[in-house]
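Since the structure comes first, as structure tokens, the remarks are kept for the end.
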Amino acid sequence: MDTKTSQQLSQPLSNSNLAQNIKVEDDRTGMSVETLKRAFSDNLFYVQGKDESNATLHDYYQALAFTVRDRLLHRFIKTGRTYYEENVKVVSYLSAEFLMGRHLENNLISLGIYEKMRQVVNESGLEIEDLIEQEPDPGLGNGGLGRLAACFLDSLANLEMPAIGYGIRYEFGIFHQALRDGWQAEIPDNWLMFKNPWEIARPEDAVEIKLGGHTEAYRDEKGHNRVSWICDRKVKAVPYDTPVPGYRTNTVNSLRLWKAEASEEFNFEAFNAGNYDRAVGEKMSSETISKVLYPNDNTPQGKELRLAQQYFFVSASLQDLIHIHLHIHPDLTNFHDRAAIQLNDTHPAVAVAELMRLFVDEHDIDWDQAWDITQKTLAYTNHTLLPEALERWSVSLFSRMLPRHIEIIYEINHRFLEDIRTWFPDDEELASELSIIEEGADKKVRMANLACVGSHAINGVAALHTELLQKYTLQGFAKLWPEKFFNKTNGVTPRRWVLLSNPRLAKLVTEKTQSDSWLKNLDEMRVLEKFVDDADFCQEWRDIKRKNKITLAAQIKKLKNIDVNVDSIFDVLVKRIHEYKRQHLMVLHIITLYNRIKANPNIDIVPRTFIFGGKAAPGYFMAKLIIKFANAVGEVVNKDPDVRGRLKVVFLPNFNVSLGQKIYPAADLSEQISTAGKEASGTGNMKFAMNGALTIGTLDGANIEIREEAGAENFFLFGLTAEEVYAMKAEGYDPMSYYDSNEELEAVINRIAKGYFSYGDTKLFKPIVDSLLYDDPYMLLADYQAYIDCQDRVSETYKDKDKWTKMSILNSARMGKFSSDRTIKEYCEQIWGIEPVKIDIEQYSQ
Ligand SMILES: *Cc1c(COP(=O)(O)O)cnc(C)c1O
């Protein structure tokens, strides 16, 4: 790209007085019902090019979305300008995933115009809920990690913190999951098929990304030894900005996602040489970088394109930040005073090397100073304890794609290991554990080590997780730099996960607390504790849950054509499918109850509806087999007349944020049954508890803290602790001994092995049976009896309606800690050093 042209394009005409002539109160973006109505109809006509005679529901959605977007823009623009003019420190949240969920309803409530717009839409003879359903769920993430990034952006804006999210504008998000004969089928998620009203393209802010090639040393005019990177490919990164409003605040932050396009310069060359095919081919191959989200959760795939994606968005974001900084400041020496950069897992960890390259190679800062600024700027969040999930790139692949970065990484590592050997002479074991490079036949770059060395703060996402990181996964670094380690227990936004998802509960809380301020300070929900013995309140509480269950039951009927009993326990396990999350343990419980019924059809059993949801990585064989397993067991159980409808099994397809908003509020029982020491935090656990579900769970991740807050008496605990898991593994764990000594368990396994759930096919589920009996890496058999006993206690408790209701209320009332507002305040104070910034805007009319 011609940089002069791009600078001219991006140069604002600040002397224009056009802006001053437009008033906020202008009729175009007013907030009165009349004005909203006019805007809705104008947008249908002038944006969609339709009128009442030919508009589809989707056209009306677009018209409504543009009506709402127009009303965010004043604040969006003013927010950006205020950060710039007041020259404040801004946090950049770098994440390969943002699982935002639908925008429309969230933006309506943030602006406080939901009820007015409902009226406007109704006057057109439509229901606002139907328009909201038209929005494709933007699935630019796999699960918890991407959803955390979205909750954090919400809280940052809500707290009026200067922040920007940086990521990738994937053309295809997480695949749409269909179930065919009980198996997962993946369907591409073409979410941008219709225009996306929430994004604003900023081609004038595009930056160029280099890839491949080689490096050359040279001496510059000052006589300094420098290195230049001669790439063999350039890609253009074009930013698309999505406004992220706070709840009832003027702050509207930006989520800036990068799209890959062909760089004109390179295309032009081929084109001029008469090679049209090559020019087009290059355009296509450049655009593949942001084409599709990798659908793996907690298991990296060492694919070249994935590394290209990571470098692409990191380089674009850092160049963007440096560009903005140099608009205001003469140089980059105070960069860390104006920018904090958070790395959401190791996906953006190449930022350590890229920031050094930009400082040293492009901006001529000496190494030591560049390193100082880099470390002061960056902070790293670790998201996993699973050793197989730690990202490691082969040095040969890395060198081919990023020849300059591998040199920088070697230099960083060289200096780092020299320090280590000075501080700990003769401890070669420590040096090789901490080294950024894993030696061996196929050398690897350890991205977690790179992130730790390059950051001033390292955090885990729940108390247990941070403790185990320091004890095991990152123990060397914890010994070296104990002061760098922080715990930041995750949270979720109560705006989306209570107000939007559970409006009935929100209304009740607002009535009882006589204000909606609990939405900004979730600790205020504690007020509900005083109603636990109020019979009317308890009845209202139960009515709300029942209504939410009826809504979900209708959805189940629609999606699966299964009738469920809304007075049964809604026993829910929704999350990515992973062996460590142990969806198959819940299936073992279902079979246990089924066996009890088969042995004694008149047995007294508390009715249950078992609800599963979640996607499996397309290449993860066992996870996909677990989906088939749950469906196969469901098929047998649901149609067996002996069961008499007392047990129902439902696997809802395509679990995503929108479906979650329907499921979490309808759950009675939240299943959080991972093997202790495997789940970093979990956030689904928090959404359930806020909405009044009781948890059955292990001492893993944030379950521990949820139990502490709710009170041990309001939590169904079972299973081994993390330390017991390690100890048992060290002693030599023998799953077969559990099978041999437990009749109920034996009967369950035998029923599966004999092909009872697979029309006599004994091969189908053999991988599951064999895994359990001969290896059982996630220790299902060791936890089986404790889980079953605990489930029996759940059923007993459910029979006592008053007791259950009280436990449910106390769970909701005591979840204040798990608002992501609390989490974000801690990051702001302890890691980022940023403060709220008031955005002054002429008061908009209500
Ligand atoms: C919250 C959420 C998750 C994370 O769930 P966990 O139970 O913490 O694994 C995953 N996917 C979606 C769509 C979510 O909303």
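Just so we're on the same page: first chain in the structure tokens is A, next is B, and so on; residues restart at 1 for each chain, and ligands are numbered from 1 in the order they show up.
The set of residues in stretch 448-567 of chain A assigned to strand (DSSP E or B) by DSSP, using only backbone atoms of this structure, is Ala457, Ile458, Asn459, Gly460, Phe485, Phe486, Asn487 and Val492 of chain A.
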Sorted by chain and rising residue number, which residues of chain A lie within 7 Å of ligand 1, and what are their closest atom pairs and distances in Å to one decimal, counting only C-alpha atoms and all ligand atoms, as a Markdown table?
| residue | atom | partner | partner_atom_place_in_ligand_line | distance |
| --- | --- | --- | --- | --- |
| A:Asn142 | CA | ligand 1 | 11 (N) | 6.8 |
| A:Gly143 | CA | ligand 1 | 10 (C) | 3.6 |
| A:Gly144 | CA | ligand 1 | 4 (C) | 3.6 |
| A:Arg147 | CA | ligand 1 | 2 (C) | 6.0 |
| A:Val574 | CA | ligand 1 | 7 (O) | 6.3 |
| A:Lys575 | CA | ligand 1 | 9 (O) | 4.5 |
| A:Arg576 | CA | ligand 1 | 9 (O) | 6.0 |
| A:Phe655 | CA | ligand 1 | 13 (C) | 6.1 |
| A:Asn656 | CA | ligand 1 | 13 (C) | 3.8 |
| A:Val657 | CA | ligand 1 | 13 (C) | 4.0 |
| A:Gly660 | CA | ligand 1 | 15 (O) | 5.5 |
| A:Ser681 | CA | ligand 1 | 8 (O) | 6.9 |
| A:Gly682 | CA | ligand 1 | 8 (O) | 3.3 |
| A:Thr683 | CA | ligand 1 | 8 (O) | 3.8 |
| A:Gly684 | CA | ligand 1 | 7 (O) | 3.7 |
| A:Asn685 | CA | ligand 1 | 7 (O) | 5.7 |
Pick out the residues sitting within 12 Å of A:Val564, and hand them over as a PyMOL selection string; count only C-alpha atoms, and ignore anything fewer than 3 positions along from it in its own chain. chain A and resi 549-558+560-561+567-570+607-611+638+644-650
Which value, in Å to one decimal, gives the distance between atom CA of A:Asn502 and atom CA of A:Pro665?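 For atom CA of A:Asn502 relative to atom CA of A:Pro665, the distance reads 5.9 Å.
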Residue contacts of A:Lys283 (9 Å, only C-alpha atoms) excluding same-chain residues fewer than 5 positions away, as a compact mmCIF listing (two decimals) with N, CA and C atoms, in the first residue's frame:
# COMPACT_ATOMS: atom_id res chain seq x y z
N VAL A 235 0.26 -8.81 3.29
CA VAL A 235 -1.19 -8.91 3.37
C VAL A 235 -1.68 -7.61 4.00
N GLU A 261 -6.86 -8.83 3.56
CA GLU A 261 -7.10 -8.61 2.13
C GLU A 261 -5.77 -8.63 1.41
N ALA A 262 -5.85 -8.75 0.10
CA ALA A 262 -4.63 -8.72 -0.68
C ALA A 262 -4.04 -7.32 -0.62
N SER A 263 -2.73 -7.27 -0.55
CA SER A 263 -2.05 -5.99 -0.59
C SER A 263 -2.01 -5.51 -2.04
N GLU A 264 -2.44 -4.29 -2.30
CA GLU A 264 -2.53 -3.79 -3.69
C GLU A 264 -1.20 -3.90 -4.42
N ASN A 267 -0.42 -7.36 -5.74
CA ASN A 267 -1.33 -7.70 -6.82
C ASN A 267 -0.98 -6.97 -8.08
N ARG A 278 -2.54 -14.95 -11.44
CA ARG A 278 -1.73 -14.93 -10.23
C ARG A 278 -2.22 -13.82 -9.30
N THR A 288 -7.55 -15.82 2.82
CA THR A 288 -7.79 -17.01 3.64
C THR A 288 -7.37 -16.79 5.09
Identify, on the basis of only C-alpha atoms, every residue whose closest approach to A:Glu826 does not exceed 10 Å; exclude the query and any residue fewer than 4 positions from it along the same chain; express the result as a list of chain:residue names.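 My reading of the contact set: A:Phe486, A:Asn487, A:Lys488, A:Thr489, A:Ser820, A:Asp821, A:Arg822, A:Gln830, A:Ile831, A:Trp832, A:Gly833.
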Backbone-only DSSP, alpha helix (DSSP H) members of stretch 671-822 of chain A, as a ChimeraX atom specification: /A:684-690,703-710,722-731,735-741,743-753,766-770,780-799,801-813,820-822
Spatial neighbours of A:Ile436, 6 Å, only C-alpha atoms, chain gap at least 5 places, as an mmCIF file with all heavy atoms, in the first residue's frame:
data_model
loop_
_atom_site.group_PDB
_atom_site.id
_atom_site.type_symbol
_atom_site.label_atom_id
_atom_site.label_comp_id
_atom_site.auth_asym_id
_atom_site.auth_seq_id
_atom_site.Cartn_x
_atom_site.Cartn_y
_atom_site.Cartn_z
ATOM 1 N N VAL A 445 8.948 -23.637 19.694
ATOM 2 C CA VAL A 445 8.843 -22.371 20.426
ATOM 3 C C VAL A 445 7.698 -22.533 21.419
ATOM 4 O O VAL A 445 6.559 -22.777 21.025
ATOM 5 C CB VAL A 445 8.527 -21.180 19.486
ATOM 6 C CG1 VAL A 445 8.511 -19.870 20.278
ATOM 7 C CG2 VAL A 445 9.507 -21.116 18.330
ATOM 8 N N ARG A 446 8.024 -22.398 22.705
ATOM 9 C CA ARG A 446 6.983 -22.534 23.737
ATOM 10 C C ARG A 446 6.342 -21.178 23.981
ATOM 11 O O ARG A 446 6.932 -20.286 24.606
ATOM 12 C CB ARG A 446 7.605 -23.021 25.044
ATOM 13 C CG ARG A 446 8.214 -24.404 24.970
ATOM 14 C CD ARG A 446 9.129 -24.550 26.185
ATOM 15 N NE ARG A 446 9.531 -25.908 26.453
ATOM 16 C CZ ARG A 446 10.559 -26.210 27.243
ATOM 17 N NH1 ARG A 446 11.260 -25.245 27.830
ATOM 18 N NH2 ARG A 446 10.881 -27.472 27.453
ATOM 19 N N ASN A 449 6.023 -19.818 27.579
ATOM 20 C CA ASN A 449 7.275 -19.308 28.132
ATOM 21 C C ASN A 449 7.596 -17.934 27.545
ATOM 22 O O ASN A 449 8.024 -17.022 28.265
ATOM 23 C CB ASN A 449 8.409 -20.289 27.850
ATOM 24 C CG ASN A 449 8.211 -21.608 28.569
ATOM 25 O OD1 ASN A 449 7.092 -22.128 28.623
ATOM 26 N ND2 ASN A 449 9.273 -22.169 29.125
ATOM 27 N N LEU A 450 7.339 -17.779 26.263
ATOM 28 C CA LEU A 450 7.557 -16.472 25.628
ATOM 29 C C LEU A 450 6.682 -15.411 26.307
ATOM 30 O O LEU A 450 7.155 -14.308 26.634
ATOM 31 C CB LEU A 450 7.218 -16.567 24.132
ATOM 32 C CG LEU A 450 7.351 -15.272 23.320
ATOM 33 C CD1 LEU A 450 8.793 -14.769 23.309
ATOM 34 C CD2 LEU A 450 6.847 -15.486 21.884
#
As an exercise, work out the distance from atom CA of A:Asn631 to atom CA of A:Gln184 in Å and give it to one decimal place. 10.2 Å
Which of A:Leu669, A:Val587, A:Leu468, A:Ile328 sits closest to A:Ile752 [using only C-alpha atoms]: A:Val587
